[in-house]
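**Q** You'll find model_5.txt just under this line, and it carries compact mmCIF, C-alpha atoms.
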# COMPACT_ATOMS: atom_id res chain seq x y z
CA MET W 14 98.31 274.26 -122.81
CA SER W 15 101.51 275.63 -121.21
CA SER W 16 101.49 272.70 -118.76
CA ILE W 17 101.37 270.15 -121.59
CA LEU W 18 104.14 272.04 -123.38
CA THR W 19 106.38 271.64 -120.31
CA TYR W 20 105.96 267.85 -120.48
CA ILE W 21 106.75 267.82 -124.19
CA VAL W 22 109.82 270.06 -123.93
CA ALA W 23 111.24 268.04 -121.01
CA SER W 24 110.83 264.80 -122.96
CA LEU W 25 112.36 266.30 -126.12
CA LEU W 26 115.38 267.56 -124.17
CA TYR W 27 115.89 264.12 -122.62
CA THR W 28 115.70 262.69 -126.15
CA LEU W 29 118.30 265.19 -127.39
CA ILE W 30 120.64 264.09 -124.60
CA ILE W 31 120.06 260.44 -125.52
CA TRP W 32 121.02 261.23 -129.13
CA TYR W 33 124.14 263.07 -127.98
CA PHE W 34 125.32 260.18 -125.77
CA TRP W 35 124.45 257.63 -128.45
CA ARG W 36 126.57 259.51 -131.01
CA THR W 37 129.55 260.32 -128.78
CA LYS W 38 129.67 257.35 -126.39
CA TRP W 39 127.89 254.46 -128.07
CA CYS W 40 129.06 255.01 -131.64
CA GLY W 41 132.54 256.17 -130.72
CA SER W 42 132.35 259.38 -132.72
CA ASN W 43 135.70 261.13 -133.26
CA SER W 44 134.17 264.55 -133.81
CA LEU W 45 135.32 265.66 -130.37
CA SER W 46 138.92 264.50 -130.67
CA ASN W 47 140.55 267.94 -130.27
CA THR W 48 141.18 269.58 -126.90
CA ASN W 49 138.56 272.30 -127.29
CA GLY W 50 136.01 269.73 -128.36
CA VAL W 51 136.69 267.58 -125.31
CA LEU W 52 136.38 270.58 -122.99
CA THR W 53 133.13 271.67 -124.62
CA ALA W 54 131.76 268.13 -124.35
CA ALA W 55 132.66 267.96 -120.64
CA ILE W 56 130.78 271.20 -119.95
CA TRP W 57 127.80 270.01 -122.02
CA GLU W 58 127.61 266.67 -120.25
CA ARG W 59 127.84 268.24 -116.80
CA TYR W 60 125.27 271.01 -117.09
CA VAL W 61 122.87 270.36 -119.97
CA ILE W 62 120.87 267.82 -117.96
CA VAL W 63 119.86 270.62 -115.56
CA VAL W 64 117.23 271.98 -117.94
CA PRO W 65 115.18 268.78 -118.49
CA LEU W 66 115.62 267.96 -114.77
CA LEU W 67 114.07 271.30 -113.81
CA LEU W 68 111.24 270.95 -116.31
CA HIS W 69 110.58 267.35 -115.21
CA GLY W 70 110.53 268.54 -111.60
CA MET W 71 108.03 271.26 -112.50
CA THR W 72 105.67 268.72 -114.07
CA LEU W 73 105.90 266.56 -110.96
CA TYR W 74 105.20 269.52 -108.69
CA GLN W 75 102.15 270.46 -110.74
CA SER W 76 100.74 266.92 -110.75
CA ILE W 77 101.58 265.91 -107.16
CA PHE W 78 100.75 269.05 -105.17
CA VAL W 79 97.10 269.46 -106.08
CA GLY W 80 94.99 271.29 -103.53
CA ASP W 81 95.71 270.52 -99.86
CA GLY W 82 96.76 266.90 -100.34
CA LEU W 83 99.27 264.92 -102.37
CA SER W 84 98.25 263.12 -105.56
CA PHE W 85 100.71 260.26 -105.70
CA GLY W 86 99.33 257.62 -108.03
CA VAL W 87 101.31 255.08 -110.00
CA GLY W 88 102.19 257.60 -112.73
CA ASN W 89 103.52 260.18 -110.28
CA ALA W 90 105.31 257.49 -108.26
CA ILE W 91 107.24 256.05 -111.22
CA SER W 92 108.00 259.48 -112.66
CA SER W 93 109.28 260.70 -109.26
CA ILE W 94 111.56 257.67 -108.84
CA VAL W 95 112.97 258.15 -112.34
CA TRP W 96 113.47 261.89 -111.70
CA LEU W 97 115.34 261.18 -108.46
CA THR W 98 117.42 258.53 -110.24
CA VAL W 99 118.51 261.04 -112.90
CA PHE W 100 119.13 263.68 -110.24
CA MET W 101 121.29 261.36 -108.12
CA TYR W 102 123.29 260.26 -111.14
CA TRP W 103 123.83 263.86 -112.23
CA SER W 104 124.74 265.17 -108.75
CA SER W 105 127.13 262.27 -108.08
CA GLY W 106 129.20 263.46 -111.05
CA PHE W 107 130.33 266.42 -108.94
CA PHE W 108 131.80 264.10 -106.29
CA TYR W 109 132.94 261.01 -108.20
CA ARG W 110 134.64 260.45 -111.54
CA LEU W 111 131.96 258.80 -113.66
CA GLU W 112 133.42 259.25 -117.14
CA GLY W 113 133.48 255.53 -117.86
CA LEU W 114 130.03 254.98 -116.39
CA GLN W 115 128.31 257.52 -118.63
CA THR W 116 127.17 254.50 -120.63
CA LEU W 117 124.42 254.24 -118.00
CA PHE W 118 123.05 257.66 -118.76
CA ALA W 119 121.55 256.87 -122.16
CA PRO W 120 119.14 254.18 -120.82
CA VAL W 121 118.35 256.32 -117.75
CA ALA W 122 117.51 259.31 -119.96
CA THR W 123 115.46 257.05 -122.25
CA VAL W 124 113.31 255.95 -119.32
CA ALA W 125 113.04 259.55 -118.13
CA ALA W 126 111.86 260.77 -121.56
CA ILE W 127 108.95 258.32 -121.29
CA ALA W 128 108.32 258.68 -117.55
CA VAL W 129 107.70 262.41 -117.91
CA PHE W 130 104.31 261.63 -119.47
CA LEU W 131 103.22 258.94 -116.98
CA PRO W 132 101.33 261.34 -114.67
CA LEU W 133 99.20 262.26 -117.69
CA VAL W 134 98.69 258.65 -118.81
CA PHE W 135 97.98 257.33 -115.29
CA PRO W 136 96.54 260.26 -113.31
CA SER W 137 95.98 259.89 -109.58
CA LEU W 138 92.46 258.75 -108.77
CA GLN W 139 92.41 260.33 -105.32
CA PRO W 140 94.83 262.26 -103.08
CA LEU W 141 96.77 260.48 -100.36
CA GLU W 142 95.49 260.66 -96.81
CA ASN W 143 97.38 262.00 -93.77
CA THR W 144 99.87 263.87 -95.97
CA GLU W 145 99.89 266.75 -93.48
CA LEU W 146 101.80 264.56 -90.99
CA ILE W 147 105.54 265.25 -90.77
CA GLY W 148 106.23 261.55 -90.26
CA PHE W 149 104.50 260.69 -93.52
CA LYS W 150 106.51 263.26 -95.49
CA VAL W 151 109.81 261.99 -94.05
CA HIS W 152 108.79 258.38 -94.71
CA LEU W 153 107.85 259.16 -98.33
CA LEU W 154 111.09 261.05 -98.98
CA ILE W 155 113.26 258.24 -97.58
CA ALA W 156 111.28 255.63 -99.53
CA MET W 157 111.73 257.50 -102.82
CA MET W 158 115.47 257.88 -102.20
CA ALA W 159 115.76 254.16 -101.43
CA TYR W 160 113.89 253.22 -104.62
CA SER W 161 116.03 255.59 -106.69
CA LEU W 162 119.36 254.31 -105.32
CA LEU W 163 118.35 250.69 -105.79
CA THR W 164 117.20 251.56 -109.33
CA ILE W 165 120.71 252.85 -110.01
CA ALA W 166 122.10 249.65 -108.46
CA ALA W 167 119.94 247.52 -110.77
CA LEU W 168 121.04 249.48 -113.86
CA HIS W 169 124.64 249.20 -112.70
CA ALA W 170 124.24 245.43 -112.26
CA LEU W 171 122.78 245.12 -115.77
CA LEU W 172 125.75 247.00 -117.18
CA MET W 173 128.13 244.70 -115.29
CA MET W 174 126.32 241.67 -116.65
CA ILE W 175 126.69 242.92 -120.23
CA VAL W 176 130.36 243.76 -119.74
CA GLU W 177 131.06 240.37 -118.18
CA HIS W 178 129.38 238.67 -121.13
CA ARG W 179 131.33 240.77 -123.63
CA LEU W 180 134.64 239.89 -121.97
CA HIS W 181 134.26 236.37 -123.37
CA HIS W 182 134.04 237.74 -126.91
CA PRO W 183 137.16 238.90 -128.78
CA ALA W 184 135.63 242.09 -130.19
CA MET W 185 134.19 244.46 -127.61
CA PRO W 186 132.05 247.37 -128.88
CA SER W 187 133.47 250.85 -128.38
CA ILE W 188 130.72 251.60 -125.86
CA PHE W 189 132.46 249.34 -123.31
CA THR W 190 136.08 250.30 -123.96
CA ASN W 191 136.23 253.19 -121.48
CA LEU W 192 134.42 251.48 -118.62
CA PRO W 193 136.27 250.92 -115.32
CA PRO W 194 137.45 247.37 -114.52
CA LEU W 195 134.74 244.99 -113.31
CA LEU W 196 136.22 244.89 -109.80
CA VAL W 197 135.94 248.67 -109.55
CA MET W 198 132.36 248.58 -110.84
CA GLU W 199 131.55 245.82 -108.37
CA LYS W 200 132.93 247.85 -105.46
CA LEU W 201 130.79 250.82 -106.52
CA LEU W 202 127.74 248.54 -106.84
CA PHE W 203 127.99 247.43 -103.23
CA ARG W 204 128.47 251.00 -102.03
CA ILE W 205 125.21 251.95 -103.75
CA ILE W 206 123.44 248.88 -102.36
CA TRP W 207 124.64 249.65 -98.83
CA VAL W 208 123.20 253.17 -98.88
CA GLY W 209 120.00 251.99 -100.56
CA PHE W 210 119.66 249.16 -98.03
CA ILE W 211 120.01 251.56 -95.09
CA LEU W 212 117.33 253.82 -96.55
CA LEU W 213 115.08 250.82 -97.28
CA THR W 214 115.54 249.68 -93.66
CA LEU W 215 114.51 253.12 -92.40
CA THR W 216 111.51 253.05 -94.74
CA LEU W 217 110.25 249.69 -93.48
CA PHE W 218 111.08 250.49 -89.86
CA SER W 219 109.24 253.82 -89.90
CA GLY W 220 106.28 252.30 -91.72
CA VAL W 221 105.91 249.37 -89.30
CA VAL W 222 106.93 250.77 -85.91
CA PHE W 223 105.50 254.26 -86.35
CA SER W 224 102.50 253.38 -88.50
CA GLN W 225 100.12 255.49 -86.41
CA GLU W 226 102.41 258.53 -86.58
CA VAL W 227 103.29 258.05 -90.27
CA PHE W 228 99.97 256.98 -91.79
CA GLY W 229 97.55 258.06 -89.09
CA GLN W 230 96.28 254.49 -88.61
CA PRO W 231 97.43 251.20 -87.05
CA LEU W 232 99.59 248.85 -89.10
CA THR W 233 97.77 246.52 -91.49
CA PHE W 234 99.68 243.61 -93.00
CA THR W 235 99.47 243.72 -96.81
CA HIS W 236 101.27 242.10 -99.72
CA LYS W 237 103.12 245.41 -100.17
CA ILE W 238 104.69 245.00 -96.73
CA LEU W 239 105.37 241.31 -97.44
CA PHE W 240 107.19 242.02 -100.71
CA GLY W 241 109.04 244.91 -99.06
CA PHE W 242 110.43 242.64 -96.36
CA ILE W 243 111.29 239.91 -98.88
CA SER W 244 113.28 242.46 -100.89
CA TRP W 245 114.94 243.72 -97.70
CA GLY W 246 115.87 240.13 -96.80
CA ILE W 247 117.43 239.53 -100.23
CA PHE W 248 119.60 242.65 -100.03
CA ALA W 249 120.52 241.82 -96.43
CA ALA W 250 121.55 238.29 -97.46
CA LEU W 251 123.57 239.69 -100.37
CA LEU W 252 125.46 242.11 -98.11
CA ILE W 253 126.08 239.42 -95.49
CA GLY W 254 127.22 236.99 -98.18
CA ARG W 255 129.57 239.63 -99.54
CA ARG W 256 131.01 240.22 -96.08
CA LEU W 257 131.34 236.60 -94.93
CA TYR W 258 131.76 234.61 -98.13
CA GLY W 259 133.05 237.18 -100.61
CA TRP W 260 130.06 236.93 -102.94
CA ARG W 261 130.74 238.75 -106.18
CA GLY W 262 130.32 238.55 -109.94
CA ARG W 263 127.24 236.80 -111.22
CA ILE W 264 125.90 236.02 -107.74
CA ALA W 265 125.93 239.71 -106.81
CA ILE W 266 124.39 240.73 -110.13
CA ARG W 267 121.58 238.18 -110.02
CA TRP W 268 120.56 238.85 -106.41
CA THR W 269 120.67 242.59 -106.98
CA LEU W 270 118.25 242.27 -109.90
CA VAL W 271 115.99 239.83 -108.03
CA GLY W 272 115.85 242.10 -104.97
CA PHE W 273 115.04 245.11 -107.13
CA ALA W 274 112.32 243.25 -109.06
CA ILE W 275 110.59 242.24 -105.82
CA LEU W 276 110.92 245.80 -104.52
CA LEU W 277 109.11 247.01 -107.63
CA LEU W 278 106.31 244.55 -106.93
CA ALA W 279 106.10 245.81 -103.35
CA TYR W 280 105.09 249.36 -104.22
CA ILE W 281 104.83 250.12 -107.93
CA GLY W 282 103.25 246.74 -108.72
CA SER W 283 100.62 247.07 -106.01
CA LYS W 284 99.76 250.64 -107.02
CA PHE W 285 99.49 249.62 -110.67
CA VAL W 286 97.09 246.77 -109.89
CA LEU W 287 94.94 248.86 -107.56
CA GLU W 288 94.78 252.03 -109.66
CA VAL W 289 95.04 250.82 -113.26
CA VAL W 290 93.68 247.26 -113.20
CA LEU W 291 91.10 247.57 -110.40
CA SER W 292 90.53 251.37 -110.71
CA ARG W 293 90.60 251.94 -106.96
Using structure tokens, write down the structure from this file.

**A**
Amino acid sequence: MSSILTYIVASLLYTLIIWYFWRTKWCGSNSLSNTNGVLTAAIWERYVIVVPLLLHGMTLYQSIFVGDGLSFGVGNAISSIVWLTVFMYWSSGFFYRLEGLQTLFAPVATVAAIAVFLPLVFPSLQPLENTELIGFKVHLLIAMMAYSLLTIAALHALLMMIVEHRLHHPAMPSIFTNLPPLLVMEKLLFRIIWVGFILLTLTLFSGVVFSQEVFGQPLTFTHKILFGFISWGIFAALLIGRRLYGWRGRIAIRWTLVGFAILLLAYIGSKFVLEVVLSR
């Protein structure tokens, strides 16, 4: 009962944060116009996310570390990626000024409020094999970080697409008024993609070259590997095009979203088909 309560409380706290950002950022509320109100809001926005993050992390720990192995089904996989995405967004606020980009946090928190329950909805059918290997643990950690960073890149690209569309309309909603210029957002997008691409490269390289050490068995070519390399190729082409031809704007946004969609098919899509559709 206490375990289920942790899931519920974490989701409710995410929902409370969504409501707060919707009221203060999306609706342009003036209730925090005085100096004390602004200071209080800054403290709230910086630290309140810690509580649902910790509770979400507890639910993941309870559902993944079962017995001697790791239970990492589609529910745990998606929930872990979303948790890491929220964590990276929150921790980056201590190093970069993200005031204008807080528009992203409402949709991220919305997904997190739902993803908390996914390990319960889609429980792992069987624990992963060879999880005692150090190589496997390193490979899994790098892969999750790559997925999370590229998730942030995809959300960032969606926000850029909306802002670019709104620029052609005379009246821009208050939600977009405090965003950085598109060129600044574009520069940040490619920084995120670069780091995510490096981690994705390490993920594929370790999985292919050190398959025996990572998975305890020789490499077998699957559609997951195929989609992974297609996604890697798309991000590589985007970064090369940016460097050589100055690709930007809609080209960058579209290829970022396409690369991310194929990356989802590579891992999450395959796990969903195998575990949910085929019950394997």

**Q** Pick out the closest residue to Leu25 in chain W from this set: W:Ala156, W:Ala119, W:Met173, W:Val129. Count all atoms listed in the file.

**A**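 Comparing W:Ala156, W:Ala119, W:Met173, W:Val129 against Leu25 in chain W, the winner is W:Val129.
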
**Q** What does the structure give for the distance between CA of Thr269 in chain W and CA of Gly86 in chain W, in Å to one decimal?

**A** 26.1 Å

**Q** So, with all atoms listed in the file as the atoms that count, which of W:Lys237, W:Ala265, W:Ile211, W:His181 lies closest to Leu196 in chain W?

**A** W:Ala265

**Q** Mind giving me the straight-line distance from CA of Tyr60 in chain W to CA of Trp103 in chain W in Å, one decimal?

**A**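 Atom-to-atom, CA of Tyr60 in chain W and CA of Trp103 in chain W are spaced 8.8 Å apart.
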
**Q** How many Å lie between CA of Leu153 in chain W and CA of Ser224 in chain W, rounded to one decimal?

**A**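 According to the coordinates, CA of Leu153 in chain W and CA of Ser224 in chain W are separated by 12.6 Å.
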
**Q** Using only C-alpha atoms, can you tell me which of W:Asn89, W:Gln75, W:Thr123, W:Thr214 comes closest to Leu29 in chain W?

**A**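 That would be W:Thr123, the residue with the smallest distance to Leu29 in chain W.
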
**Q** Taking only C-alpha atoms into account, name the residue in W:Ile62, W:Val221, W:Val87, W:Val95 that is nearest to Ile30 in chain W.

**A**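 So, comparing all the options, the nearest one is W:Ile62.
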
**Q** From the options W:Ala125, W:Leu131, W:Ile205, W:Ile175, which residue's atoms come nearest to Ala90 in chain W, counting all atoms listed in the file?

**A**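 Of W:Ala125, W:Leu131, W:Ile205, W:Ile175, the one nearest Ala90 in chain W is W:Leu131, counting all atoms listed in the file.
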
**Q** Taking all atoms listed in the file into account, which of W:Phe273, W:Phe149, W:Phe135, W:Phe78 comes nearest Gly220 in chain W?

**A**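 Distance minimum relative to Gly220 in chain W lands on W:Phe149.
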
**Q** Just want the 12 Å neighbourhood of Leu18 in chain W, counted on only C-alpha atoms, with same-chain residues fewer than 6 positions away dropped. Output as a PDB file with C-alpha atoms, in the frame of the given file.

**A**
ATOM      1  CA  SER W  24     110.830 264.800-122.960  1.00  0.00           C
ATOM      2  CA  LEU W  25     112.360 266.300-126.120  1.00  0.00           C
ATOM      3  CA  LEU W  68     111.240 270.950-116.310  1.00  0.00           C
ATOM      4  CA  HIS W  69     110.580 267.350-115.210  1.00  0.00           C
ATOM      5  CA  MET W  71     108.030 271.260-112.500  1.00  0.00           C
ATOM      6  CA  THR W  72     105.670 268.720-114.070  1.00  0.00           C
ATOM      7  CA  VAL W 129     107.700 262.410-117.910  1.00  0.00           C
ATOM      8  CA  PHE W 130     104.310 261.630-119.470  1.00  0.00           C
TER       9      PHE W 130
END
